[in-house]
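The structure file upload.tsv is reproduced below (TSV, C-alpha atoms and all ligand atoms).
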chain	number	residue	atom	x	y	z
A	1	MET	CA	62.90	68.89	43.16
A	2	ASP	CA	65.64	68.32	40.62
A	3	THR	CA	66.45	71.59	38.89
A	4	GLY	CA	68.93	69.93	36.56
A	5	SER	CA	71.90	71.52	38.31
A	6	GLU	CA	75.09	71.38	36.33
A	7	SER	CA	77.86	68.92	37.13
A	8	GLY	CA	81.12	70.18	38.66
A	9	ALA	CA	82.92	69.58	35.39
A	10	SER	CA	80.62	71.74	33.30
A	11	GLN	CA	80.67	74.45	35.97
A	12	GLU	CA	84.44	74.49	35.68
A	13	SER	CA	84.35	74.92	31.94
A	14	SER	CA	81.75	77.69	32.24
A	15	TYR	CA	84.20	79.40	34.63
A	16	ALA	CA	86.91	79.13	31.99
A	17	ARG	CA	84.52	80.47	29.35
A	18	ASP	CA	83.52	83.37	31.59
A	19	LEU	CA	87.14	84.25	32.35
A	20	GLU	CA	87.94	84.20	28.66
A	21	GLU	CA	84.95	86.44	27.96
A	22	ILE	CA	86.04	88.86	30.70
A	23	HIS	CA	89.56	89.00	29.24
A	24	ALA	CA	88.16	89.60	25.75
A	25	GLY	CA	85.87	92.39	26.98
A	26	LEU	CA	88.71	94.17	28.75
A	27	SER	CA	90.88	93.92	25.62
A	28	LEU	CA	88.47	96.03	23.54
A	29	ALA	CA	89.10	99.69	22.75
A	30	GLN	CA	85.95	100.44	24.73
A	31	LYS	CA	86.34	98.01	27.63
A	32	LYS	CA	83.21	96.12	28.58
A	33	LEU	CA	81.94	93.56	31.05
A	34	SER	CA	78.69	91.62	30.75
A	35	PRO	CA	75.75	92.78	32.91
A	36	LYS	CA	75.22	89.14	33.88
A	37	TYR	CA	78.00	89.65	36.46
A	38	PHE	CA	75.81	92.10	38.40
A	39	TYR	CA	73.65	89.42	39.91
A	40	ASP	CA	75.50	87.63	42.67
A	41	GLU	CA	73.71	87.58	46.02
A	42	ARG	CA	74.71	91.13	46.96
A	43	GLY	CA	73.99	92.38	43.43
A	44	SER	CA	70.52	90.85	43.44
A	45	GLN	CA	69.80	92.54	46.79
A	46	LEU	CA	71.05	95.87	45.43
A	47	PHE	CA	68.88	95.45	42.35
A	48	GLU	CA	65.84	94.91	44.57
A	49	ALA	CA	66.75	98.11	46.41
A	50	ILE	CA	67.01	99.90	43.03
A	51	CYS	CA	63.46	98.78	42.20
A	52	ASP	CA	62.22	100.64	45.31
A	53	LEU	CA	64.04	103.90	44.49
A	54	PRO	CA	61.83	106.92	43.75
A	55	GLU	CA	63.87	107.65	40.60
A	56	TYR	CA	63.73	104.11	39.22
A	57	TYR	CA	60.33	104.15	37.50
A	58	PRO	CA	60.38	100.86	35.46
A	59	THR	CA	59.47	98.29	38.12
A	60	ARG	CA	56.74	100.30	39.78
A	61	THR	CA	55.30	101.38	36.43
A	62	GLU	CA	55.24	97.83	35.10
A	63	ILE	CA	53.54	96.54	38.25
A	64	GLY	CA	50.99	99.39	38.00
A	65	ILE	CA	50.16	98.39	34.42
A	66	MET	CA	49.76	94.78	35.48
A	67	ARG	CA	47.48	95.60	38.40
A	68	LYS	CA	45.25	97.62	36.10
A	69	TYR	CA	45.11	95.33	33.06
A	70	LEU	CA	45.73	91.78	34.29
A	71	PRO	CA	42.18	90.55	33.65
A	72	GLU	CA	42.46	91.75	30.06
A	73	MET	CA	45.91	90.17	29.68
A	74	ALA	CA	44.48	86.89	30.99
A	75	ARG	CA	41.72	87.03	28.36
A	76	TYR	CA	44.26	87.44	25.56
A	77	ILE	CA	46.28	84.51	26.89
A	78	GLY	CA	43.22	82.29	27.35
A	79	PRO	CA	42.53	79.22	29.51
A	80	ARG	CA	44.99	76.51	30.64
A	81	PRO	CA	48.24	78.13	29.52
A	82	ASN	CA	51.70	76.76	30.18
A	83	VAL	CA	53.74	79.75	31.41
A	84	ILE	CA	57.43	79.86	30.47
A	85	GLU	CA	59.28	82.68	32.20
A	86	PHE	CA	62.68	83.71	30.83
A	87	GLY	CA	64.82	84.55	33.87
A	88	ILE	CA	63.45	85.12	37.34
A	89	GLY	CA	63.04	88.35	39.21
A	90	SER	CA	61.71	89.12	42.67
A	91	GLY	CA	58.64	87.00	42.04
A	92	LEU	CA	55.91	89.61	42.62
A	93	LYS	CA	55.10	90.04	38.93
A	94	THR	CA	55.06	86.27	38.41
A	95	LYS	CA	52.73	85.87	41.38
A	96	LEU	CA	50.37	88.51	39.99
A	97	LEU	CA	50.32	86.90	36.55
A	98	LEU	CA	49.82	83.32	37.75
A	99	GLY	CA	47.04	84.52	40.05
A	100	ALA	CA	45.22	86.27	37.21
A	101	LEU	CA	45.44	83.56	34.56
A	102	ASP	CA	42.58	81.18	33.92
A	103	GLN	CA	43.79	77.83	35.31
A	104	ALA	CA	47.47	77.99	34.47
A	105	VAL	CA	48.60	74.39	34.00
A	106	ALA	CA	52.34	74.64	34.53
A	107	PHE	CA	55.01	77.20	35.30
A	108	VAL	CA	58.43	76.80	33.69
A	109	PRO	CA	60.94	79.33	35.05
A	110	VAL	CA	64.19	79.30	33.08
A	111	ASP	CA	67.29	80.67	34.77
A	112	ILE	CA	71.02	80.03	34.88
A	113	SER	CA	71.06	79.71	38.70
A	114	PRO	CA	69.65	76.44	40.15
A	115	GLU	CA	69.52	77.89	43.70
A	116	HIS	CA	67.63	80.96	42.54
A	117	LEU	CA	65.17	78.70	40.70
A	118	GLN	CA	64.60	76.45	43.68
A	119	ASN	CA	63.81	79.39	45.98
A	120	THR	CA	61.33	80.84	43.51
A	121	VAL	CA	59.61	77.52	42.94
A	122	ASP	CA	59.42	76.72	46.67
A	123	GLU	CA	57.68	80.02	47.31
A	124	LEU	CA	55.28	79.86	44.36
A	125	GLU	CA	54.33	76.26	45.16
A	126	ARG	CA	52.82	77.42	48.46
A	127	ASP	CA	50.58	79.97	46.73
A	128	TYR	CA	49.73	77.90	43.66
A	129	PRO	CA	49.62	74.21	44.63
A	130	ASP	CA	47.62	73.36	41.49
A	131	ILE	CA	50.19	74.74	39.05
A	132	GLU	CA	52.87	72.24	38.12
A	133	MET	CA	56.32	73.77	38.77
A	134	MET	CA	58.91	72.72	36.19
A	135	PRO	CA	62.10	74.78	36.57
A	136	VAL	CA	64.78	74.58	33.89
A	137	ALA	CA	68.34	75.54	34.87
A	138	THR	CA	69.95	76.79	31.69
A	139	ASP	CA	71.13	79.86	29.79
A	140	PHE	CA	67.91	81.00	28.10
A	141	THR	CA	69.71	82.70	25.23
A	142	HIS	CA	70.15	79.25	23.65
A	143	PRO	CA	67.21	77.01	22.64
A	144	PHE	CA	66.29	74.38	25.28
A	145	PRO	CA	63.69	71.61	25.55
A	146	VAL	CA	60.52	72.69	27.42
A	147	PRO	CA	59.31	69.98	29.84
A	148	GLU	CA	55.89	68.49	29.06
A	149	PRO	CA	53.30	69.25	31.79
A	150	SER	CA	51.37	66.22	33.12
A	151	ALA	CA	48.04	67.94	32.44
A	152	GLN	CA	46.95	69.07	28.99
A	153	SER	CA	47.68	72.75	28.33
A	154	GLU	CA	46.07	74.93	25.68
A	155	ARG	CA	49.11	76.92	24.59
A	156	ASN	CA	52.49	78.19	25.76
A	157	VAL	CA	52.89	81.78	26.88
A	158	VAL	CA	56.45	83.06	27.15
A	159	TYR	CA	56.69	85.69	29.88
A	160	PHE	CA	59.64	88.13	29.83
A	161	PRO	CA	59.03	91.05	32.21
A	162	GLY	CA	61.27	93.84	33.47
A	163	SER	CA	62.50	95.11	30.10
A	164	THR	CA	65.43	92.72	30.38
A	165	ILE	CA	65.17	92.62	26.57
A	166	GLY	CA	66.75	96.11	26.78
A	167	ASN	CA	70.04	94.61	28.00
A	168	PHE	CA	70.58	93.00	24.60
A	169	GLU	CA	71.83	94.90	21.58
A	170	PRO	CA	69.15	94.98	18.85
A	171	ASP	CA	70.56	92.06	16.81
A	172	ALA	CA	70.94	89.92	19.94
A	173	ALA	CA	67.46	90.99	21.09
A	174	VAL	CA	66.00	89.69	17.81
A	175	GLU	CA	67.98	86.45	18.28
A	176	LEU	CA	66.52	86.08	21.77
A	177	LEU	CA	63.00	86.81	20.50
A	178	ARG	CA	63.59	84.00	17.97
A	179	VAL	CA	64.40	81.62	20.85
A	180	MET	CA	61.15	82.73	22.51
A	181	HIS	CA	59.28	82.19	19.25
A	182	ARG	CA	60.57	78.66	19.15
A	183	GLU	CA	59.78	77.96	22.83
A	184	ALA	CA	56.28	79.46	22.46
A	185	ASP	CA	55.66	76.68	19.94
A	186	LYS	CA	52.69	76.44	17.54
A	187	GLY	CA	49.83	78.66	18.68
A	188	GLY	CA	51.91	80.15	21.47
A	189	CYS	CA	52.29	83.76	22.51
A	190	LEU	CA	54.60	86.19	24.27
A	191	LEU	CA	53.94	88.69	27.07
A	192	ILE	CA	56.93	91.02	27.31
A	193	GLY	CA	57.80	94.16	29.30
A	194	VAL	CA	59.48	96.83	27.17
A	195	ASP	CA	60.76	100.15	28.52
A	196	LEU	CA	60.01	103.10	26.22
A	197	GLN	CA	61.93	106.17	25.07
A	198	LYS	CA	61.36	109.31	27.13
A	199	ASP	CA	63.19	112.49	28.07
A	200	SER	CA	66.88	112.04	28.93
A	201	ASN	CA	66.55	113.64	32.36
A	202	THR	CA	64.06	111.10	33.61
A	203	LEU	CA	66.21	108.32	32.19
A	204	GLU	CA	69.53	109.57	33.54
A	205	GLN	CA	68.05	110.13	37.00
A	206	ALA	CA	66.69	106.58	37.04
A	207	TYR	CA	70.24	105.28	36.56
A	208	ASN	CA	72.07	107.89	38.67
A	209	ASP	CA	69.92	107.85	41.78
A	210	SER	CA	70.59	110.38	44.53
A	211	SER	CA	71.12	107.73	47.23
A	212	GLY	CA	73.95	106.08	45.26
A	213	ILE	CA	72.48	102.57	45.21
A	214	THR	CA	72.92	102.20	41.45
A	215	ALA	CA	76.56	103.25	41.93
A	216	GLU	CA	76.99	100.51	44.53
A	217	PHE	CA	75.27	98.05	42.21
A	218	ASN	CA	77.65	98.96	39.40
A	219	LEU	CA	80.79	98.84	41.58
A	220	ASN	CA	79.67	95.52	43.04
A	221	MET	CA	80.60	93.93	39.72
A	222	LEU	CA	84.26	94.68	40.46
A	223	ARG	CA	83.93	93.25	43.98
A	224	ARG	CA	82.49	90.11	42.44
A	225	LEU	CA	85.30	89.77	39.90
A	226	ASN	CA	87.78	90.16	42.77
A	227	ALA	CA	86.06	87.41	44.76
A	228	GLU	CA	85.27	84.96	41.99
A	229	PHE	CA	87.80	85.59	39.22
A	230	ASP	CA	90.95	86.33	41.18
A	231	ALA	CA	90.97	90.01	40.18
A	232	ASP	CA	92.45	92.93	42.13
A	233	PHE	CA	90.23	95.88	41.22
A	234	ASP	CA	90.54	98.77	43.70
A	235	LEU	CA	86.91	99.78	44.25
A	236	GLU	CA	88.10	103.23	45.34
A	237	GLY	CA	89.71	103.69	41.94
A	238	PHE	CA	86.41	103.84	40.02
A	239	ARG	CA	83.21	105.82	39.98
A	240	HIS	CA	79.78	105.04	38.56
A	241	ASP	CA	78.31	106.92	35.62
A	242	ALA	CA	75.21	106.42	33.48
A	243	VAL	CA	74.48	108.39	30.33
A	244	TYR	CA	71.60	108.31	27.87
A	245	ASN	CA	72.81	107.87	24.32
A	246	THR	CA	70.00	109.56	22.38
A	247	VAL	CA	71.29	108.35	18.98
A	248	ASP	CA	71.08	104.67	19.89
A	249	GLY	CA	68.25	105.08	22.42
A	250	ARG	CA	70.06	103.43	25.29
A	251	ILE	CA	71.28	104.08	28.79
A	252	GLU	CA	74.96	103.17	29.08
A	253	MET	CA	76.31	102.27	32.49
A	254	HIS	CA	80.03	102.82	32.93
A	255	LEU	CA	82.72	102.47	35.59
A	256	VAL	CA	85.11	105.39	35.19
A	257	SER	CA	88.75	104.94	36.15
A	258	LEU	CA	89.76	107.73	38.56
A	259	ARG	CA	93.47	107.42	37.71
A	260	ASP	CA	95.96	105.60	35.50
A	261	GLN	CA	95.98	102.07	36.89
A	262	GLN	CA	96.62	98.41	36.24
A	263	VAL	CA	94.34	95.52	37.08
A	264	ASN	CA	95.14	91.80	37.22
A	265	ILE	CA	92.50	89.19	36.46
A	266	GLY	CA	93.48	85.54	36.47
A	267	ASN	CA	96.81	85.51	34.67
A	268	ARG	CA	96.32	88.70	32.70
A	269	ARG	CA	96.96	92.37	33.35
A	270	PHE	CA	95.03	95.33	31.92
A	271	THR	CA	95.89	99.01	31.85
A	272	LEU	CA	93.32	101.75	32.37
A	273	ASN	CA	94.01	105.41	31.77
A	274	ARG	CA	92.49	108.07	33.93
A	275	ASP	CA	88.87	108.75	32.75
A	276	GLU	CA	88.85	105.59	30.66
A	277	THR	CA	85.64	103.62	31.23
A	278	ILE	CA	84.45	100.05	31.42
A	279	CYS	CA	80.94	99.73	30.00
A	280	THR	CA	78.91	97.36	32.18
A	281	GLU	CA	75.43	97.60	30.73
A	282	TYR	CA	73.26	98.89	27.93
A	283	SER	CA	69.60	99.39	28.69
A	284	TYR	CA	67.82	100.04	25.39
A	285	LYS	CA	64.64	102.08	25.34
A	286	TYR	CA	62.35	101.58	22.36
A	287	THR	CA	59.52	103.31	20.56
A	288	LEU	CA	56.45	101.16	19.91
A	289	PRO	CA	57.18	100.90	16.15
A	290	GLN	CA	60.84	99.97	16.82
A	291	PHE	CA	59.84	97.12	19.09
A	292	ALA	CA	57.07	95.94	16.74
A	293	ASP	CA	59.69	95.76	13.99
A	294	MET	CA	62.07	93.66	16.09
A	295	ALA	CA	59.22	91.35	17.10
A	296	ALA	CA	58.26	90.97	13.41
A	297	GLN	CA	61.83	90.02	12.53
A	298	ALA	CA	61.49	87.16	15.03
A	299	GLY	CA	58.12	86.01	13.67
A	300	PHE	CA	55.83	87.70	16.20
A	301	THR	CA	52.98	90.16	15.64
A	302	VAL	CA	52.27	92.63	18.43
A	303	LYS	CA	48.53	92.27	19.01
A	304	LYS	CA	48.05	94.47	22.06
A	305	VAL	CA	50.10	97.07	23.97
A	306	TRP	CA	49.32	98.27	27.49
A	307	THR	CA	51.10	101.36	28.84
A	308	ASP	CA	50.89	103.69	31.83
A	309	SER	CA	49.33	107.17	31.55
A	310	LYS	CA	52.73	108.79	30.82
A	311	GLY	CA	53.62	106.22	28.17
A	312	TRP	CA	56.85	105.33	29.98
A	313	PHE	CA	56.66	101.56	30.00
A	314	SER	CA	54.79	98.92	28.03
A	315	LEU	CA	53.57	95.36	28.34
A	316	GLN	CA	53.07	93.79	24.94
A	317	TYR	CA	51.09	90.73	23.93
A	318	CYS	CA	52.52	89.12	20.79
A	319	GLU	CA	51.38	86.12	18.78
A	320	ARG	CA	53.40	83.80	16.58
A	321	ASP	CA	52.79	84.49	12.91
A	401	LIG	C1	67.09	94.56	35.00
A	401	LIG	C2	67.92	95.18	32.92
A	401	LIG	C3	65.78	95.87	33.57
A	401	LIG	O1	68.17	97.98	32.61
A	401	LIG	O2	66.88	99.01	34.00
A	401	LIG	C4	68.80	98.89	36.79
A	401	LIG	C5	69.00	96.78	35.28
A	401	LIG	N1	70.65	98.59	35.78
A	401	LIG	N2	69.62	99.91	37.11
A	401	LIG	C6	67.58	98.05	33.69
A	401	LIG	C7	69.46	98.06	35.94
A	401	LIG	C8	70.74	99.72	36.52
A	401	LIG	C9	67.65	96.88	34.67
A	401	LIG	N3	67.16	95.62	34.05

Step by step, read the file and then write its structure as structure tokens.
Ligand code: AVJ
Amino acid sequence: MDTGSESGASQESSYARDLEEIHAGLSLAQKKLSPKYFYDERGSQLFEAICDLPEYYPTRTEIGIMRKYLPEMARYIGPRPNVIEFGIGSGLKTKLLLGALDQAVAFVPVDISPEHLQNTVDELERDYPDIEMMPVATDFTHPFPVPEPSAQSERNVVYFPGSTIGNFEPDAAVELLRVMHREADKGGCLLIGVDLQKDSNTLEQAYNDSSGITAEFNLNMLRRLNAEFDADFDLEGFRHDAVYNTVDGRIEMHLVSLRDQQVNIGNRRFTLNRDETICTEYSYKYTLPQFADMAAQAGFTVKKVWTDSKGWFSLQYCERD
């Protein structure tokens, strides 16, 4: 199947754009790198290992909520939906959702990586031969045309699990919700996973696990920049740290420089002082009213919220106003 893979030329310019973005991030007073660089092959494997950690509650909690409430979710979504998933994860949640829906017509996974898309679609096709698979290889933060399924669908449902929305700063999160609003189209809806605020200990342990996998995941970003962007980070020169910023309601992942050092990336050199950090990820945690307000700013009304018994994680069904 054609996943609309990019031409060599546009891949080259996206490389130049990425390098420029990396340079810009490392030129800030608080150095930062985009969390999108976590997910090369090794990073994706490490993330899957994180999801199995005893301390990392989000994945298992979200799956628990789904297993309990999927029939109800399917009733809200209604018959013959066209499912548009923003990004692709391990596939289990998608499989559960598609299996629970009443005659899903088409599945449109949207992801930057054509290979990743193809693997997901190949696997899902075996389980759901009657659902039309229509992958779209693009950056989902910008509006894109949704392919028209061959069979008539009742409405679009945008699916955005995993609390990936938490990686975006509030303004950017509202922007992204606006893209979803547009892709949901008239009469469409949104099913989104949103991680909720809770005590700092639980949060900090989830991002500073005792087996050190999250540390490896964080440091892997430097390995990737070395391999793909001609950088010379010394992985021994940094340590992982994650702190919960209670004022802004977000986990902040950092790489802490263990000494004064210099790093070359492409044709530029950056200086890091001892204890200076590079911020690699924000993971925002919301209250229900905070998220409802962001959804409203994007033109959605939250119609139904499902949570676990501890109120740690939520799945939210939203309709276009
Ligand atoms: C994939 C963005 C949901 O923020 O919890 C896990 C990524 N980072 N451990 C999150 C992550 C460190 C994760 N999301």

- Task: Name the residues, using the chain letters and numbers of the file, that sit within 12 Å of (62.2, 91.5, 20.0) when counting all atoms listed in the file, and give them as an MDAnalysis selection string.
- Result: chainID A and resid 160 163:181 190:194 284 286 288:302 316:318

- Within 6 Å of region 212-228 of chain A using all atoms listed in the file, minus same-chain residues under 4 positions, as a VMD selection string: chain A and resid 37 to 38 43 46 232 240

- Item | Which of A:Asp185, A:Ser283, A:Tyr15, A:Asn264 sits closest to Ala231 (chain A) [using all atoms listed in the file] | A:Asn264

- Which residues, protein or nucleic acid, reach to within 9 Å of (43.0, 77.3, 30.4) in the file's coordinates when using all atoms listed in the file, and can you give that as JSON, numbers by chain? {"A": [77, 78, 79, 80, 81, 82, 101, 102, 103, 104, 105, 153, 154, 155]}

- Task: Record the distance separating CA of Thr94 (chain A) and CA of Arg42 (chain A), expressed in Å with one decimal.
- Result: 22.0 Å

- Message: Given all atoms listed in the file as the basis, pick out the residue of A:Val121, A:Leu33, A:Ala49, A:Met133 nearest to Glu21 (chain A).
- Response: A:Leu33

- Message: So, with only C-alpha atoms as the atoms that count, which of A:Pro54, A:Arg60, A:Asp111, A:Thr287 lies closest to Ser210 (chain A)?
- Response: A:Pro54

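If you measure from each of A:Ile65, A:Met253, A:Ile265, A:Leu235 to Ser309 (chain A) using only C-alpha atoms, the closest one turns out to be A:Ile65.
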
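Closest to Thr138 (chain A) among A:Phe238, A:Trp306, A:Tyr282, A:Phe86 is A:Phe86, based on only C-alpha atoms.
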
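A straight line drawn from atom C7 of ligand LIG 401 (chain A) to CA of Val136 (chain A) is 24.0 Å long.
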
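Closest approach to Ser113 (chain A) among A:Phe313, A:Tyr39, A:Phe144, A:Tyr244 is made by A:Tyr39 (distances from all atoms listed in the file).
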
- Close residues, region 277-281 of chain A itself excluded, 6 Å, all atoms listed in the file, min 3 positions apart in chain, as an MDAnalysis selection string: chainID A and resid 31:35 252:257

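Between CA of Arg75 (chain A) and CA of Glu148 (chain A) the interatomic distance comes to 23.3 Å.
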
Output as JSON the centre and edge lengths (Å, one decimal) of the box along x, y and z of the file that holds every listed atom of region 313-320 of chain A after adding 6 Å on each side.
{"center_x": 53.9, "center_y": 92.7, "center_z": 23.3, "size_x": 17.6, "size_y": 29.8, "size_z": 25.4}

- Determine, counting only C-alpha atoms, which protein, DNA and RNA residues have an atom within 9 Å of an atom of Tyr76 (chain A); residues of the same chain fewer than 4 positions away are not included. Present the result as a ChimeraX atom specification. /A:71-72,304,317
